[in-house]
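Colleague: Handing over final.txt, compact mmCIF, C-alpha atoms.
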```
# COMPACT_ATOMS: atom_id res chain seq x y z
CA MET A 169 33.27 14.96 12.48
CA ALA A 170 30.20 15.45 14.68
CA PHE A 171 28.13 16.09 11.53
CA PHE A 172 29.40 12.84 10.00
CA TRP A 173 28.39 10.81 13.09
CA GLY A 174 25.04 12.56 13.14
CA VAL A 175 24.38 11.55 9.55
CA CYS A 176 25.50 7.99 10.33
CA LEU A 177 23.20 7.74 13.36
CA LEU A 178 20.31 9.22 11.41
CA SER A 179 20.87 6.73 8.58
CA LEU A 180 21.08 3.87 11.07
CA GLY A 181 17.82 5.06 12.61
CA TRP A 182 16.11 5.02 9.20
CA MET A 183 17.43 1.52 8.49
CA THR A 184 16.28 0.32 11.90
CA TYR A 185 12.84 1.87 11.36
CA GLY A 186 12.54 0.19 7.96
CA GLU A 187 13.43 -3.18 9.40
CA ALA A 188 11.38 -2.66 12.56
CA SER A 189 8.21 -2.07 10.56
CA VAL A 190 7.97 -5.84 9.98
CA PRO A 191 7.62 -7.70 13.29
CA GLU A 192 10.46 -10.13 13.93
CA ASN A 193 8.28 -13.26 13.99
CA LEU A 194 6.56 -12.21 10.75
CA ASP A 195 9.92 -11.44 9.15
CA LYS A 196 11.11 -14.93 10.08
CA SER A 197 7.98 -16.58 8.66
CA ILE A 198 8.32 -14.65 5.40
CA ASP A 199 11.98 -15.64 5.07
CA GLU A 200 11.13 -19.30 5.71
CA LEU A 201 8.33 -19.20 3.14
CA LYS A 202 10.65 -17.58 0.61
CA ALA A 203 13.23 -20.32 1.23
CA TYR A 204 10.53 -22.98 0.76
CA TYR A 205 8.88 -21.55 -2.36
CA ILE A 206 11.65 -19.70 -4.22
CA LYS A 207 14.12 -22.20 -5.65
CA ASP A 208 14.94 -20.40 -8.89
CA ASP A 209 14.76 -16.62 -8.66
CA ARG A 210 15.31 -15.77 -12.34
CA GLU A 211 11.59 -15.07 -12.81
CA LEU A 212 11.63 -12.67 -9.85
CA HIS A 213 13.87 -10.25 -11.71
CA ASN A 214 12.12 -10.09 -15.08
CA ALA A 215 11.07 -6.42 -14.76
CA HIS A 216 7.42 -7.38 -14.23
CA PRO A 217 6.72 -6.94 -10.49
CA VAL A 218 3.33 -7.90 -9.13
CA PHE A 219 2.85 -5.07 -6.61
CA LEU A 220 5.97 -2.92 -6.58
CA ARG A 221 5.12 -0.93 -9.71
CA VAL A 222 1.83 0.09 -8.12
CA LEU A 223 3.55 1.01 -4.86
CA LYS A 224 6.12 3.10 -6.71
CA ASP A 225 3.43 5.40 -8.10
CA LEU A 226 1.13 5.18 -5.08
CA LYS A 227 2.21 8.32 -3.23
CA VAL A 228 2.86 10.35 -6.36
CA ASN A 229 -0.35 9.82 -8.27
CA LEU A 230 -3.00 9.18 -5.61
CA GLU A 231 -4.51 11.08 -2.71
CA GLU A 232 -4.42 9.61 0.79
CA THR A 233 -7.89 8.06 0.68
CA GLU A 234 -7.10 6.48 -2.69
CA GLN A 235 -3.74 5.25 -1.35
CA ASN A 236 -5.50 3.62 1.61
CA LEU A 237 -8.08 1.99 -0.64
CA LEU A 238 -5.42 0.66 -3.00
CA MET A 239 -3.31 -0.63 -0.11
CA SER A 240 -6.36 -2.38 1.31
CA ILE A 241 -6.96 -4.02 -2.07
CA ILE A 242 -3.30 -5.09 -2.18
CA MET A 243 -3.61 -6.61 1.32
CA ASP A 244 -6.77 -8.43 0.20
CA THR A 245 -4.97 -9.75 -2.88
CA TYR A 246 -2.12 -11.04 -0.73
CA ASN A 247 -4.63 -12.82 1.49
CA ARG A 248 -6.22 -14.50 -1.52
CA ILE A 249 -2.78 -15.56 -2.84
CA PHE A 250 -1.77 -16.99 0.53
CA THR A 251 -5.12 -18.75 0.96
CA ARG A 252 -4.58 -20.46 -2.39
CA MET A 253 -1.00 -21.38 -1.44
CA GLU A 254 -2.21 -22.73 1.92
CA ASN A 255 -4.91 -24.83 0.23
CA ASP A 256 -2.41 -26.19 -2.30
CA SER A 257 0.33 -26.98 0.23
CA LEU A 258 0.81 -30.48 1.59
CA ASP A 259 3.33 -29.39 4.24
CA GLU A 260 1.70 -28.58 7.60
CA ALA A 261 4.54 -26.30 8.76
CA THR A 262 4.21 -24.28 5.56
CA LYS A 263 0.44 -24.04 6.04
CA GLU A 264 1.02 -22.71 9.56
CA LYS A 265 3.49 -20.10 8.32
CA LEU A 266 1.07 -18.99 5.59
CA ALA A 267 -1.73 -18.71 8.15
CA HIS A 268 0.60 -16.72 10.42
CA VAL A 269 1.44 -14.28 7.63
CA GLN A 270 -2.25 -13.96 6.71
CA GLU A 271 -3.10 -13.19 10.32
CA HIS A 272 -0.62 -10.30 10.32
CA LEU A 273 -1.90 -9.01 6.98
CA LYS A 274 -5.49 -9.16 8.16
CA LYS A 275 -4.65 -7.24 11.36
CA LEU A 276 -2.73 -4.66 9.35
CA GLN A 277 -5.61 -4.23 6.95
CA GLU A 278 -8.22 -3.96 9.72
CA ASN A 279 -6.20 -1.50 11.79
CA TYR A 280 -4.69 0.75 9.16
CA PHE A 281 -6.69 0.33 5.96
CA PRO A 282 -10.30 -0.20 6.99
CA GLY A 283 -12.93 0.46 4.45
CA LYS A 284 -15.07 -1.00 1.81
CA SER A 285 -12.43 -2.61 -0.36
CA ALA A 286 -14.37 -5.88 -0.64
CA GLU A 287 -17.50 -4.03 -1.71
CA LEU A 288 -15.57 -1.86 -4.17
CA LYS A 289 -13.81 -4.94 -5.53
CA THR A 290 -17.21 -6.54 -6.19
CA TYR A 291 -18.32 -3.41 -8.07
CA ALA A 292 -15.08 -3.34 -10.06
CA GLU A 293 -15.34 -7.02 -10.96
CA SER A 294 -18.92 -6.58 -12.14
CA LEU A 295 -17.84 -3.64 -14.32
CA TRP A 296 -14.86 -5.58 -15.74
CA ALA A 297 -17.21 -8.47 -16.55
CA ILE A 298 -19.39 -6.30 -18.79
CA LYS A 299 -19.51 -7.69 -22.32
CA GLU A 300 -18.51 -4.72 -24.49
CA ASN A 301 -19.46 -6.54 -27.68
CA ASP A 302 -23.06 -7.27 -26.56
CA PRO A 303 -25.46 -5.00 -28.52
CA VAL A 304 -27.91 -4.81 -25.58
CA VAL A 305 -25.09 -3.70 -23.26
CA GLN A 306 -24.03 -1.11 -25.82
CA GLN A 307 -27.59 0.23 -26.07
CA LYS A 308 -28.00 0.38 -22.30
CA ALA A 309 -24.64 2.13 -21.99
CA LEU A 310 -25.77 4.80 -24.44
CA PHE A 311 -29.10 5.15 -22.63
CA GLU A 312 -27.34 5.66 -19.25
CA LEU A 313 -24.41 7.78 -20.47
CA LYS A 314 -25.86 11.26 -19.77
CA ARG A 315 -26.66 10.42 -16.16
CA VAL A 316 -23.26 8.80 -15.61
CA TYR A 317 -21.56 11.81 -17.22
CA ARG A 318 -23.47 14.20 -14.92
CA GLU A 319 -22.51 12.15 -11.85
CA ALA A 320 -18.84 12.14 -12.89
CA THR A 321 -18.95 15.91 -13.44
CA GLN A 322 -20.50 16.46 -10.02
CA LEU A 323 -17.76 14.39 -8.38
CA ARG A 324 -15.09 16.37 -10.24
CA ASN A 325 -16.70 19.67 -9.22
CA LEU A 326 -16.89 18.54 -5.60
CA LYS A 327 -13.22 17.56 -5.68
CA ASN A 328 -12.26 20.94 -7.19
CA LYS A 329 -14.36 22.76 -4.59
CA GLU A 330 -12.59 20.86 -1.79
CA ARG A 331 -9.20 21.71 -3.30
CA ARG A 332 -10.07 25.42 -3.56
CA ARG A 333 -11.31 25.44 0.04
CA ARG A 334 -8.05 23.83 1.28
CA GLN A 335 -5.98 26.31 -0.76
CA ALA A 336 -7.97 29.25 0.64
CA LYS A 337 -7.45 27.95 4.18
CA ILE A 338 -3.69 27.65 3.56
CA SER A 339 -3.56 31.17 2.09
CA LYS A 340 -5.35 32.59 5.13
CA LYS A 341 -2.90 30.89 7.48
CA GLN A 342 0.07 32.21 5.52
CA LYS A 343 -1.28 35.78 5.64
CA SER A 344 -1.90 35.59 9.40
```
Please rewrite the model in this file as structure tokens.
Modeller:
Amino acid sequence: MAFFWGVCLLSLGWMTYGEASVPENLDKSIDELKAYYIKDDRELHNAHPVFLRVLKDLKVNLEETEQNLLMSIIMDTYNRIFTRMENDSLDEATKEKLAHVQEHLKKLQENYFPGKSAELKTYAESLWAIKENDPVVQQKALFELKRVYREATQLRNLKNKERRRRQAKISKKQKS
């Protein structure tokens, strides 16, 4: 019986932690915004999430620095979405709630996911904007390919070297 209550208390602790990770005033603002914006939720359940698919694979497929970068980009995307919603809204109370949520997201991003996400986003956008069908771009790409390939190989080798060093350190600790 003691084991059963222990499991129950542990589960309750996990549920409390999960709920406690969103401050109460932010939770309330989010719920009010959902009530204001979501009238018909059929589109919400169409198996095409905006962020949840990325989050699902986040910890499995990416290293911590990559996870932090991606989370920072997600926070930035949320801020852009809420800025657009705030600009489009005619309701002052809704604008205030959107600003409140953005403030929390910005603090979260600054405190836990600092970095160069804006700079990296600019680089990514410039790369996505490249016109693949432009003959000049194709020629330049061919001209630059060997150097880019060497740089990519050096990054891979550096990553492998770091991994081997961490594994050697772990092996030494296990033998000690």
Colleague: Would you mind reading off the distance between CA of Val305 (chain A) and CA of Arg324 (chain A), one decimal, in Å?
Modeller: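 Between CA of Val305 (chain A) and CA of Arg324 (chain A) the gap works out to 25.9 Å.
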Colleague: May I ask for the distance between CA of His272 (chain A) and CA of Glu254 (chain A), given in Å to one decimal place?
Modeller: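 Result for CA of His272 (chain A) versus CA of Glu254 (chain A): 15.1 Å, one decimal.
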Colleague: Ranking A:Arg210, A:His268, A:Lys289, A:Lys275 by minimum distance to Leu238 (chain A) and counting all atoms listed in the file, which one comes first?
Modeller: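 Distance minimum relative to Leu238 (chain A) lands on A:Lys289.
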Colleague: Mind checking which residues fall within 12 Å of Glu287 (chain A), counting only C-alpha atoms, ignoring those fewer than 5 positions away in the same chain, and posting them as a JSON list (two decimals) with C-alpha atoms, in the frame of the given file?
Modeller:
```
[["chain", "number", "residue", "atom", "x", "y", "z"],
["A", 237, "LEU", "CA", -8.08, 1.99, -0.64],
["A", 240, "SER", "CA", -6.36, -2.38, 1.31],
["A", 241, "ILE", "CA", -6.96, -4.02, -2.07],
["A", 244, "ASP", "CA", -6.77, -8.43, 0.20],
["A", 282, "PRO", "CA", -10.30, -0.20, 6.99],
["A", 292, "ALA", "CA", -15.08, -3.34, -10.06],
["A", 293, "GLU", "CA", -15.34, -7.02, -10.96],
["A", 294, "SER", "CA", -18.92, -6.58, -12.14]]
```
Colleague: Could you tell me how far CA of Pro191 (chain A) sits from CA of Asp208 (chain A), in Å to one decimal place?
Modeller: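 Straight-line distance from CA of Asp208 (chain A) to CA of Pro191 (chain A) works out to 26.6 Å.
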Colleague: Skipping near chain neighbours, those fewer than 5 positions away, what residues fall within 12 Å of Asp199 (chain A) using all atoms listed in the file, listed as a ChimeraX atom specification?
Modeller: /A:190,192-194,204-206,262,265-266,269
Colleague: Could you list, as a PyMOL selection string, every residue within 12 Å of Glu264 (chain A), counting all atoms listed in the file and ignoring same-chain residues fewer than 4 positions away?
Modeller: chain A and resi 194+197-198+200-201+250-251+253-255+257-260+268-271
Colleague: Just write the chosen residues, C-alpha atoms, as a compact mmCIF listing (two decimals), keeping the file's coordinate frame.
Modeller:
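Full text of again07.txt as output:
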```
# COMPACT_ATOMS: atom_id res chain seq x y z
CA LEU A 194 6.56 -12.21 10.75
CA SER A 197 7.98 -16.58 8.66
CA ILE A 198 8.32 -14.65 5.40
CA GLU A 200 11.13 -19.30 5.71
CA LEU A 201 8.33 -19.20 3.14
CA PHE A 250 -1.77 -16.99 0.53
CA THR A 251 -5.12 -18.75 0.96
CA MET A 253 -1.00 -21.38 -1.44
CA GLU A 254 -2.21 -22.73 1.92
CA ASN A 255 -4.91 -24.83 0.23
CA SER A 257 0.33 -26.98 0.23
CA LEU A 258 0.81 -30.48 1.59
CA ASP A 259 3.33 -29.39 4.24
CA GLU A 260 1.70 -28.58 7.60
CA HIS A 268 0.60 -16.72 10.42
CA VAL A 269 1.44 -14.28 7.63
CA GLN A 270 -2.25 -13.96 6.71
CA GLU A 271 -3.10 -13.19 10.32
```
